[in-house]
Amino acid sequence: KHLIMHCWNVNDLPISEPEPLLCRVVSNAAPPPPPVSAGENNTEYDAHTGPKKRKRIDVKNRGRAARFVELLIDVIGPDALKSSSVGVLDVAGGAGGVTFELSLRRGMPCTVIDPRPVKLNRTQRNTLKFRKDNREILKGGLEVSHCANVLYKRFRDWKPTQMQTLFDEDFASSEEGNRMLRECKCCCWHAPG
């Protein structure tokens with residue numbers, strides 16, 4: 001069994017590192033700037049509407065879940081992850097990033113354990129809409145084209161597998177939770193970093 005806790009910056013993670021050390025900083029990037037104190041004004045001010053909110057131009061965490069999934073596959077191996085019906089338990093995975101990357105993009109089983117429902121981001125919702133729209137288009141050519149058949153199967157409907165519960169003693173002592181913990185290949189927790 002593997003327990004991988006991801007709380008480091010994976011942007012600079014060397015591919016050749018065979019095993020991650022839990023909660024260890026593996027980036028040699030500069031430390032983040034100190035937080036702005038409450039007394040300092042870090043927003044522009046408009047006399048009519050009040051303080052202007054700053055817009056985030058570049059999303060620094062874009063692709064973070066995909067990079068973590070690549071690390072997970074490199075450490076555990078694709079065959080091991082596919083060999084279990086439970087696969088990976090994504091603890092506190094309410095955003096659905098790891099589950100989306102593992103189960104939809106790579107066809108590996110993954111279950112989110114989070115009391116809140118999974119909330120997909122805009123990119124993930126657009127991917128699902130694209131797949132649904134193209135599945136409808138491909139229906140007409142199923143009898144004619146082998147390629148249409150393959151793509152139709154590839155663009156299957158997808159919903160994240162989830163248990164809406166806390167990952168605690170009650171989960172572990174429940175019949176379903178105990179079964180999932182015994183059969184899973186990995187429990188992972190993926191925190192913003």
# chains A, B, ... in the order shown; residues from 1 in each chain; ligands from 1

$ residues_around --residues "Leu138 (chain A)" --least-positions-apart "4" --cutoff "7 Å" --atoms "only C-alpha atoms" --output "list in words"
Asn134, Leu142, Ala148 and Tyr152 of chain A

$ residues_around --residues "region 114-123 of chain A" --least-positions-apart "2" --cutoff "12 Å" --atoms "only C-alpha atoms" --output "PyMOL selection string"
chain A and resi 62-63+89-101+111-112+125-130+159-168+171+189

$ select_by_dssp --residues "region 55-155 of chain A" --states "strand (DSSP E or B)" --output "CSV table (one decimal) with C-alpha atoms, in the first residue's frame"
chain,number,residue,atom,x,y,z
A,88,VAL,CA,-6.9,5.3,-5.7
A,89,LEU,CA,-8.7,7.0,-2.9
A,90,ASP,CA,-8.5,10.7,-3.4
A,91,VAL,CA,-8.9,12.0,0.2
A,110,CYS,CA,-10.3,6.6,-8.5
A,111,THR,CA,-12.8,7.5,-5.7
A,112,VAL,CA,-13.1,10.9,-4.0
A,113,ILE,CA,-13.6,10.8,-0.3

$ decode --residues "region 64-86 of chain A" --atoms "N, CA and C atoms" --output "PDB file, in the first residue's frame"
ATOM      1  N   ARG A  64      -1.642  21.247 -12.133  1.00  0.00           N
ATOM      2  CA  ARG A  64      -1.022  20.671 -10.936  1.00  0.00           C
ATOM      3  C   ARG A  64      -1.497  19.250 -10.702  1.00  0.00           C
ATOM      4  N   ALA A  65      -2.795  18.994 -10.859  1.00  0.00           N
ATOM      5  CA  ALA A  65      -3.334  17.650 -10.643  1.00  0.00           C
ATOM      6  C   ALA A  65      -2.765  16.678 -11.674  1.00  0.00           C
ATOM      7  N   ALA A  66      -2.620  17.125 -12.917  1.00  0.00           N
ATOM      8  CA  ALA A  66      -2.068  16.249 -13.954  1.00  0.00           C
ATOM      9  C   ALA A  66      -0.618  15.884 -13.643  1.00  0.00           C
ATOM     10  N   ARG A  67       0.149  16.839 -13.155  1.00  0.00           N
ATOM     11  CA  ARG A  67       1.546  16.545 -12.801  1.00  0.00           C
ATOM     12  C   ARG A  67       1.618  15.599 -11.602  1.00  0.00           C
ATOM     13  N   PHE A  68       0.707  15.779 -10.641  1.00  0.00           N
ATOM     14  CA  PHE A  68       0.680  14.884  -9.490  1.00  0.00           C
ATOM     15  C   PHE A  68       0.310  13.468  -9.917  1.00  0.00           C
ATOM     16  N   VAL A  69      -0.647  13.344 -10.834  1.00  0.00           N
ATOM     17  CA  VAL A  69      -1.057  12.026 -11.321  1.00  0.00           C
ATOM     18  C   VAL A  69       0.106  11.363 -12.057  1.00  0.00           C
ATOM     19  N   GLU A  70       0.873  12.127 -12.821  1.00  0.00           N
ATOM     20  CA  GLU A  70       2.052  11.557 -13.486  1.00  0.00           C
ATOM     21  C   GLU A  70       3.045  11.019 -12.452  1.00  0.00           C
ATOM     22  N   LEU A  71       3.258  11.762 -11.369  1.00  0.00           N
ATOM     23  CA  LEU A  71       4.130  11.305 -10.294  1.00  0.00           C
ATOM     24  C   LEU A  71       3.582  10.022  -9.669  1.00  0.00           C
ATOM     25  N   LEU A  72       2.294  10.004  -9.426  1.00  0.00           N
ATOM     26  CA  LEU A  72       1.632   8.832  -8.838  1.00  0.00           C
ATOM     27  C   LEU A  72       1.815   7.605  -9.724  1.00  0.00           C
ATOM     28  N   ILE A  73       1.623   7.768 -11.021  1.00  0.00           N
ATOM     29  CA  ILE A  73       1.778   6.654 -11.964  1.00  0.00           C
ATOM     30  C   ILE A  73       3.237   6.199 -12.025  1.00  0.00           C
ATOM     31  N   ASP A  74       4.172   7.154 -11.987  1.00  0.00           N
ATOM     32  CA  ASP A  74       5.595   6.791 -12.014  1.00  0.00           C
ATOM     33  C   ASP A  74       5.995   6.017 -10.763  1.00  0.00           C
ATOM     34  N   VAL A  75       5.455   6.397  -9.605  1.00  0.00           N
ATOM     35  CA  VAL A  75       5.836   5.758  -8.343  1.00  0.00           C
ATOM     36  C   VAL A  75       5.185   4.383  -8.203  1.00  0.00           C
ATOM     37  N   ILE A  76       3.890   4.298  -8.452  1.00  0.00           N
ATOM     38  CA  ILE A  76       3.161   3.047  -8.202  1.00  0.00           C
ATOM     39  C   ILE A  76       3.102   2.162  -9.446  1.00  0.00           C
ATOM     40  N   GLY A  77       2.976   2.768 -10.596  1.00  0.00           N
ATOM     41  CA  GLY A  77       2.905   2.015 -11.845  1.00  0.00           C
ATOM     42  C   GLY A  77       1.489   1.899 -12.359  1.00  0.00           C
ATOM     43  N   PRO A  78       1.298   2.023 -13.669  1.00  0.00           N
ATOM     44  CA  PRO A  78      -0.047   1.989 -14.242  1.00  0.00           C
ATOM     45  C   PRO A  78      -0.742   0.642 -14.071  1.00  0.00           C
ATOM     46  N   ASP A  79       0.007  -0.444 -14.173  1.00  0.00           N
ATOM     47  CA  ASP A  79      -0.608  -1.768 -14.039  1.00  0.00           C
ATOM     48  C   ASP A  79      -1.133  -1.999 -12.634  1.00  0.00           C
ATOM     49  N   ALA A  80      -0.378  -1.560 -11.634  1.00  0.00           N
ATOM     50  CA  ALA A  80      -0.822  -1.720 -10.243  1.00  0.00           C
ATOM     51  C   ALA A  80      -2.070  -0.882  -9.983  1.00  0.00           C
ATOM     52  N   LEU A  81      -2.116   0.330 -10.522  1.00  0.00           N
ATOM     53  CA  LEU A  81      -3.279   1.193 -10.301  1.00  0.00           C
ATOM     54  C   LEU A  81      -4.532   0.649 -10.986  1.00  0.00           C
ATOM     55  N   LYS A  82      -4.365   0.007 -12.142  1.00  0.00           N
ATOM     56  CA  LYS A  82      -5.517  -0.537 -12.872  1.00  0.00           C
ATOM     57  C   LYS A  82      -5.964  -1.891 -12.334  1.00  0.00           C
ATOM     58  N   SER A  83      -5.131  -2.545 -11.510  1.00  0.00           N
ATOM     59  CA  SER A  83      -5.431  -3.915 -11.091  1.00  0.00           C
ATOM     60  C   SER A  83      -6.492  -4.006  -9.999  1.00  0.00           C
ATOM     61  N   SER A  84      -6.884  -2.912  -9.410  1.00  0.00           N
ATOM     62  CA  SER A  84      -7.868  -2.926  -8.337  1.00  0.00           C
ATOM     63  C   SER A  84      -9.152  -2.245  -8.791  1.00  0.00           C
ATOM     64  N   SER A  85     -10.289  -2.728  -8.288  1.00  0.00           N
ATOM     65  CA  SER A  85     -11.562  -2.081  -8.642  1.00  0.00           C
ATOM     66  C   SER A  85     -11.699  -0.727  -7.958  1.00  0.00           C
ATOM     67  N   VAL A  86     -11.020  -0.540  -6.831  1.00  0.00           N
ATOM     68  CA  VAL A  86     -11.064   0.734  -6.105  1.00  0.00           C
ATOM     69  C   VAL A  86      -9.978   1.667  -6.624  1.00  0.00           C
TER      70      VAL A  86
END
